[in-house]
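Student: Structure file entry21.cif, mmCIF, C-alpha atoms, is pasted below:
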```
data_upload
#
loop_
_atom_site.label_atom_id
_atom_site.label_comp_id
_atom_site.auth_asym_id
_atom_site.auth_seq_id
_atom_site.Cartn_x
_atom_site.Cartn_y
_atom_site.Cartn_z
CA MET A 106 0.00 0.00 0.00
CA GLU A 107 2.94 2.33 0.60
CA ALA A 108 4.18 1.57 -2.92
CA LEU A 109 0.73 2.46 -4.22
CA GLU A 110 0.86 5.80 -2.37
CA ILE A 111 4.30 6.49 -3.84
CA ALA A 112 2.85 5.86 -7.30
CA LYS A 113 -0.01 8.28 -6.60
CA ILE A 114 2.26 11.17 -5.65
CA ASN A 115 4.71 10.45 -8.50
CA PRO A 116 2.36 9.97 -11.47
CA GLU A 117 5.12 10.51 -14.05
CA SER A 118 7.36 7.77 -12.67
CA PRO A 119 6.79 4.01 -12.90
CA VAL A 120 6.73 2.40 -9.47
CA ILE A 121 7.49 -1.32 -9.42
CA PHE A 122 6.71 -3.33 -6.30
CA LEU A 123 8.47 -6.66 -5.81
CA GLY A 124 5.84 -9.10 -4.59
CA ILE A 125 7.54 -11.80 -2.50
CA GLY A 126 6.38 -14.31 0.06
CA PHE A 127 3.78 -17.03 0.37
CA GLU A 128 0.04 -16.96 0.93
CA THR A 129 0.68 -14.76 3.96
CA THR A 130 1.80 -11.75 1.91
CA SER A 131 0.23 -12.31 -1.52
CA PRO A 132 -3.27 -11.08 -0.48
CA ALA A 133 -1.81 -7.64 0.32
CA THR A 134 -0.19 -7.53 -3.12
CA ALA A 135 -3.50 -8.56 -4.68
CA ALA A 136 -5.33 -5.84 -2.73
CA ALA A 137 -2.87 -3.21 -3.97
CA ILE A 138 -3.36 -4.29 -7.59
CA ILE A 139 -7.15 -4.23 -7.21
CA GLN A 140 -7.01 -0.73 -5.71
CA ALA A 141 -4.67 0.46 -8.46
CA LYS A 142 -7.18 -0.69 -11.07
CA GLU A 143 -10.17 0.80 -9.26
CA GLN A 144 -8.37 4.14 -8.77
CA HIS A 145 -6.94 4.20 -12.32
CA ILE A 146 -3.34 4.39 -11.13
CA HIS A 147 -1.47 3.54 -14.33
CA ASN A 148 2.13 3.86 -13.10
CA PHE A 149 1.95 1.10 -10.48
CA PHE A 150 3.38 -2.32 -11.37
CA VAL A 151 4.11 -5.58 -9.59
CA LEU A 152 6.83 -8.12 -10.29
CA SER A 153 5.33 -11.23 -8.75
CA SER A 154 7.64 -13.73 -7.10
CA HIS A 155 4.91 -15.10 -4.83
CA LYS A 156 4.84 -18.82 -4.10
CA VAL A 157 2.34 -21.26 -2.57
CA MET A 158 3.02 -23.99 -0.01
CA PRO A 159 1.14 -27.23 -0.92
CA PRO A 160 3.04 -28.14 -4.14
CA VAL A 161 6.45 -28.08 -2.48
CA MET A 162 5.17 -30.07 0.50
CA LYS A 163 3.83 -32.74 -1.87
CA ALA A 164 6.99 -32.63 -4.00
CA LEU A 165 9.13 -33.59 -1.01
CA VAL A 166 6.92 -36.60 -0.30
CA VAL A 167 6.80 -37.70 -3.95
CA GLU A 168 10.61 -37.46 -4.10
CA GLY A 169 10.76 -40.04 -1.36
CA VAL A 170 12.04 -37.84 1.46
CA LYS A 171 11.30 -39.65 4.72
CA ILE A 172 8.76 -37.48 6.52
CA ASN A 173 6.73 -38.57 9.55
CA GLY A 174 4.40 -35.58 9.49
CA PHE A 175 4.21 -31.86 8.84
CA ILE A 176 4.19 -28.91 11.21
CA ALA A 177 2.29 -26.48 8.99
CA PRO A 178 2.92 -22.72 9.17
CA GLY A 179 0.35 -20.83 11.18
CA HIS A 180 0.63 -17.52 9.31
CA VAL A 181 0.07 -19.17 5.89
CA SER A 182 -2.80 -21.25 7.27
CA ALA A 183 -4.49 -18.18 8.74
CA ILE A 184 -5.04 -17.12 5.12
CA THR A 185 -5.58 -20.45 3.35
CA GLY A 186 -7.38 -22.46 5.99
CA VAL A 187 -6.57 -26.16 6.36
CA GLY A 188 -8.16 -27.53 3.19
CA ILE A 189 -4.84 -27.26 1.33
CA TYR A 190 -3.36 -29.99 3.57
CA HIS A 191 -6.03 -32.69 3.29
CA ASP A 192 -4.33 -34.46 0.38
CA LEU A 193 -1.25 -35.02 2.50
CA ALA A 194 -3.30 -36.92 5.06
CA LEU A 195 -5.61 -38.73 2.63
CA LYS A 196 -3.22 -39.64 -0.21
CA PHE A 197 0.08 -39.92 1.60
CA GLY A 198 -0.99 -40.90 5.12
CA LEU A 199 0.87 -38.01 6.73
CA GLY A 200 -0.43 -36.01 9.66
CA VAL A 201 -0.44 -32.23 9.53
CA VAL A 202 -0.64 -29.95 12.56
CA VAL A 203 -0.98 -26.21 11.99
CA SER A 204 1.25 -24.62 14.60
CA GLY A 205 1.87 -21.29 16.22
CA PHE A 206 5.36 -19.92 16.67
CA GLU A 207 5.98 -19.83 20.41
CA PRO A 208 8.08 -22.68 21.85
CA VAL A 209 5.06 -24.12 23.65
CA ASP A 210 3.10 -24.05 20.36
CA VAL A 211 5.75 -26.10 18.59
CA MET A 212 6.06 -28.52 21.52
CA GLN A 213 2.30 -29.09 21.57
CA SER A 214 2.24 -29.55 17.78
CA ILE A 215 4.95 -32.23 18.01
CA LEU A 216 2.92 -33.95 20.72
CA MET A 217 -0.21 -33.87 18.54
CA LEU A 218 1.72 -35.34 15.59
CA THR A 219 3.20 -38.04 17.82
CA GLN A 220 -0.26 -38.98 19.06
CA GLN A 221 -1.49 -39.24 15.47
CA ILE A 222 1.41 -41.51 14.52
CA GLU A 223 1.03 -43.73 17.58
CA SER A 224 -2.71 -44.11 16.99
CA GLY A 225 -2.24 -44.69 13.26
CA SER A 226 -4.73 -41.94 12.40
CA PRO A 227 -3.07 -39.24 10.28
CA LYS A 228 -5.22 -36.14 9.90
CA VAL A 229 -5.14 -32.37 9.74
CA GLU A 230 -5.35 -30.61 13.11
CA ILE A 231 -5.08 -27.00 14.24
CA GLN A 232 -2.95 -26.28 17.27
CA TYR A 233 -2.94 -22.52 16.53
CA LYS A 234 -6.69 -22.15 17.14
CA ARG A 235 -6.36 -18.66 18.56
CA ILE A 236 -5.47 -17.44 15.06
CA VAL A 237 -6.29 -20.12 12.47
CA HIS A 238 -9.82 -21.10 11.43
CA PRO A 239 -10.56 -24.12 9.21
CA GLU A 240 -11.89 -21.96 6.36
CA GLY A 241 -9.06 -19.39 6.58
CA ASN A 242 -9.54 -15.78 5.54
CA ILE A 243 -12.24 -15.91 2.86
CA ILE A 244 -11.83 -12.29 1.73
CA ALA A 245 -8.06 -12.67 1.36
CA LYS A 246 -8.48 -15.91 -0.61
CA GLU A 247 -11.01 -14.28 -2.94
CA MET A 248 -8.61 -11.42 -3.68
CA MET A 249 -5.79 -13.85 -4.41
CA GLU A 250 -8.01 -15.88 -6.73
CA ARG A 251 -9.18 -12.75 -8.51
CA VAL A 252 -5.67 -11.39 -9.21
CA PHE A 253 -3.38 -14.45 -9.44
CA GLU A 254 -3.17 -17.78 -11.18
CA LEU A 255 -0.73 -20.64 -10.71
CA LYS A 256 2.51 -21.04 -12.66
CA ASN A 257 5.54 -23.32 -12.57
CA GLU A 258 8.22 -21.80 -10.37
CA ILE A 259 11.89 -22.31 -9.57
CA TRP A 260 12.81 -22.90 -5.92
CA ARG A 261 16.38 -22.34 -4.83
CA GLY A 262 17.97 -25.68 -4.08
CA LEU A 263 14.91 -27.63 -5.25
CA GLY A 264 14.47 -26.78 -8.94
CA ILE A 265 11.21 -26.27 -10.84
CA ILE A 266 8.03 -27.28 -8.99
CA PRO A 267 4.84 -27.25 -11.11
CA GLU A 268 2.09 -24.78 -10.18
CA SER A 269 3.93 -23.55 -7.11
CA GLY A 270 4.13 -19.86 -8.06
CA LEU A 271 1.63 -17.06 -8.60
CA LYS A 272 1.48 -14.94 -11.73
CA ILE A 273 -0.83 -12.00 -12.42
CA ARG A 274 -3.94 -12.84 -14.45
CA ASP A 275 -4.51 -11.33 -17.90
CA GLY A 276 -7.29 -9.14 -16.52
CA PHE A 277 -4.67 -7.24 -14.51
CA SER A 278 -1.84 -7.48 -17.06
CA SER A 279 -1.47 -3.69 -17.23
CA PHE A 280 -0.01 -3.91 -13.69
CA ASP A 281 2.27 -6.86 -14.46
CA ALA A 282 5.88 -5.66 -14.60
CA GLU A 283 6.91 -8.76 -16.56
CA LYS A 284 4.49 -7.85 -19.35
CA GLN A 285 4.97 -4.08 -19.29
CA PHE A 286 8.77 -4.01 -19.13
CA THR A 287 11.62 -6.03 -20.57
CA VAL A 288 12.57 -8.02 -17.52
CA LYS A 289 15.46 -10.41 -17.93
CA ILE A 290 15.82 -12.76 -14.97
CA PRO A 291 18.93 -14.95 -15.22
CA GLN A 292 18.59 -18.66 -14.64
CA PRO A 293 19.60 -19.47 -11.06
CA VAL A 294 22.90 -21.26 -10.66
CA GLU A 295 23.63 -23.25 -7.54
CA PRO A 296 26.99 -22.14 -6.07
CA LYS A 297 29.73 -24.76 -6.28
CA GLY A 298 29.96 -26.80 -3.12
CA CYS A 299 26.59 -25.65 -1.74
CA ILE A 300 24.36 -28.53 -0.58
CA CYS A 301 21.38 -26.35 0.27
CA GLY A 302 18.99 -28.55 -1.73
CA LEU A 303 19.92 -31.57 0.38
CA ILE A 304 19.59 -29.54 3.60
CA LEU A 305 16.17 -28.21 2.57
CA ARG A 306 15.07 -31.80 1.94
CA GLY A 307 16.34 -32.87 5.35
CA LEU A 308 18.86 -35.27 3.82
CA LYS A 309 21.92 -33.41 5.14
CA ASN A 310 22.72 -31.10 8.06
CA PRO A 311 24.56 -27.77 7.75
CA ASN A 312 27.60 -29.30 9.45
CA ASP A 313 27.89 -31.65 6.46
CA CYS A 314 28.53 -28.70 4.13
CA LYS A 315 32.16 -27.75 3.52
CA LEU A 316 31.15 -24.10 3.07
CA PHE A 317 29.34 -23.82 6.41
CA THR A 318 31.06 -21.29 8.74
CA ASN A 319 33.93 -21.20 6.24
CA LYS A 320 32.82 -19.37 3.09
CA CYS A 321 29.15 -19.32 4.05
CA THR A 322 28.09 -17.14 7.00
CA PRO A 323 25.12 -14.83 7.69
CA THR A 324 27.20 -11.85 6.56
CA ASN A 325 28.31 -13.70 3.42
CA PRO A 326 25.50 -16.17 2.65
CA VAL A 327 26.04 -18.60 -0.21
CA GLY A 328 22.84 -20.65 -0.23
CA ALA A 329 19.17 -20.10 0.53
CA CYS A 330 19.50 -21.86 3.89
CA MET A 331 21.84 -19.12 5.08
CA VAL A 332 20.27 -16.21 3.18
CA SER A 333 17.13 -16.38 5.29
CA SER A 334 17.49 -15.52 8.97
CA GLU A 335 14.98 -18.33 9.54
CA GLY A 336 16.95 -20.80 7.40
CA THR A 337 18.42 -24.02 8.71
CA CYS A 338 22.03 -22.95 8.18
CA ALA A 339 21.47 -19.52 9.71
CA THR A 340 19.89 -21.19 12.76
CA TYR A 341 22.73 -23.70 13.09
CA TYR A 342 25.22 -20.84 12.80
CA LYS A 343 23.48 -18.74 15.43
CA TYR A 344 23.38 -21.56 17.99
CA ARG A 345 26.56 -23.39 16.96
CA SER A 346 28.29 -22.77 20.32
#
```
Would you kindly transcribe this structure into structure tokens?
Tutor:
Amino acid sequence: MEALEIAKINPESPVIFLGIGFETTSPATAAAIIQAKEQHIHNFFVLSSHKVMPPVMKALVVEGVKINGFIAPGHVSAITGVGIYHDLALKFGLGVVVSGFEPVDVMQSILMLTQQIESGSPKVEIQYKRIVHPEGNIIAKEMMERVFELKNEIWRGLGIIPESGLKIRDGFSSFDAEKQFTVKIPQPVEPKGCICGLILRGLKNPNDCKLFTNKCTPTNPVGACMVSSEGTCATYYKYRS
């Protein structure tokens, strides 16, 4: 919305907003695009790099990564609801618990998953009930559906995952930076020696990487696992002592 305001007060200059994040942030991007169209703001554009969660969760299972169950992100689920996880329980027999972010939330979510596994009854449960409702945020989901459609997307360390990204629909193409400007995005190249893909899959730990704490640190991140302050490598680095 701040980018939209900047566009309003600078009508002669194109303002391009980089839309990043998952279902948590994409509704706000959608809302800005809708407002830009309604208010006839013609110098506001979005370069969408938004992604969605379910395809990558399923891709890990299909690849054969040994997973006992999923702790699902509470902020994403507050938007989407829990319907996006049902396939994991029904088709793959994996429990899913939507969790909050406090230590006690995660501990309770692990307990709920353990109880599912011990009883042999995988299902989708909400631990984060103070925030997450089964149906999610209906208004936010409607805005996302109105503005975006699915596309194949590249994930750092994982490659191309079908229908895991969001692109702007043709009805809003006048706000799509990719269609209004010549945007050349180079193909991602995995740095030599980086095993981030294996770490993201849970097949290796950061300590197994020769770059970890050597060439790869939070101030000089090499892979996605260190780039994000919430990444596995960044966490291992922070608590390594």
Student: I would like the residues chosen by the PyMOL selection byres ((chain A and resi 147) around 12) on the shown file; could you give them as a PyMOL selection string?
Tutor: chain A and resi 109+112-113+115-121+138-146+148-151+277-282+285
Student: What is the distance, in Å and to one decimal place, between CA of Glu207 in chain A and CA of Tyr233 in chain A?
Tutor: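 Separating CA of Glu207 in chain A from CA of Tyr233 in chain A is a distance of 10.1 Å.
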Student: Could you spell out the hits of the PyMOL selection byres ((chain A and resi 178) around 9) on the shown file, as a ChimeraX atom specification?
Tutor: /A:176-177,179-183,202-206
Student: Find the distance between CA of Arg261 in chain A and CA of Pro291 in chain A and write it in Å to one decimal.
Tutor: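 Calculated distance between CA of Arg261 in chain A and CA of Pro291 in chain A is 13.0 Å.
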Student: Apply the PyMOL selection byres ((chain A and resi 198-201) around 10) to the file shown and report the selected residues as number ranges by chain.
Tutor: A: 166, 172-177, 187, 190-197, 202-204, 214, 217-222, 225-231
Student: When you draw a straight line from CA of Gly264 in chain A to CA of Pro160 in chain A, how long is it in Å?
Tutor: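 About the pair CA of Gly264 in chain A and CA of Pro160 in chain A: they are 12.5 Å apart.
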Student: Once 8 Å is added on each side, what centre and edge lengths in Å to one decimal does the axis-aligned box around all listed atoms of range 169-172 of chain A have, as JSON?
Tutor:
```
{"center_x": 10.4, "center_y": -38.8, "center_z": 2.6, "size_x": 19.3, "size_y": 18.6, "size_z": 23.9}
```
Student: Residues within 12 Å of Pro326 in chain A, please, as a compact mmCIF listing (two decimals) with C-alpha atoms, keeping the file's coordinate frame. Count all atoms listed in the file; anything in the same chain fewer than 3 positions from it doesn't count.
Tutor:
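Okay, this is what ended up in result-v1.txt:
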```
# COMPACT_ATOMS: atom_id res chain seq x y z
CA PRO A 296 26.99 -22.14 -6.07
CA CYS A 299 26.59 -25.65 -1.74
CA CYS A 301 21.38 -26.35 0.27
CA LEU A 316 31.15 -24.10 3.07
CA PHE A 317 29.34 -23.82 6.41
CA THR A 318 31.06 -21.29 8.74
CA ASN A 319 33.93 -21.20 6.24
CA LYS A 320 32.82 -19.37 3.09
CA CYS A 321 29.15 -19.32 4.05
CA THR A 322 28.09 -17.14 7.00
CA PRO A 323 25.12 -14.83 7.69
CA ALA A 329 19.17 -20.10 0.53
CA CYS A 330 19.50 -21.86 3.89
CA MET A 331 21.84 -19.12 5.08
CA VAL A 332 20.27 -16.21 3.18
CA SER A 333 17.13 -16.38 5.29
CA SER A 334 17.49 -15.52 8.97
CA GLY A 336 16.95 -20.80 7.40
CA CYS A 338 22.03 -22.95 8.18
CA ALA A 339 21.47 -19.52 9.71
CA TYR A 342 25.22 -20.84 12.80
```
Student: Do you know which residues are at most 12 Å from Ile259 in chain A counting all atoms listed in the file, after dropping those on the same chain fewer than 3 positions away, and could you put them as number ranges by chain?
Tutor: A: 154-157, 160-161, 256, 262-271, 290-295
Student: Using all atoms listed in the file, which of the listed residues (A:Arg306, A:Lys343, A:Pro239, A:Val327) sits closest to Met162 in chain A?
Tutor: A:Arg306
Student: I'd like to know which of A:Met249, A:Trp260, A:Lys234, A:Glu107 is closest to Ala164 in chain A, using all atoms listed in the file.
Tutor: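 Once distances to Ala164 in chain A are computed over all atoms listed in the file, the minimum belongs to A:Trp260.
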Student: Between A:Leu152, A:Ala133, A:Ile114, A:Ala108, which has the minimum distance to Phe286 in chain A (counting only C-alpha atoms)?
Tutor: A:Leu152
Student: Smallest atom-to-atom distance to Ile189 in chain A: which of A:Glu240, A:Glu223, A:Pro208, A:Tyr341, using only C-alpha atoms?
Tutor: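 Of the candidates, the smallest distance to Ile189 in chain A is held by A:Glu240.
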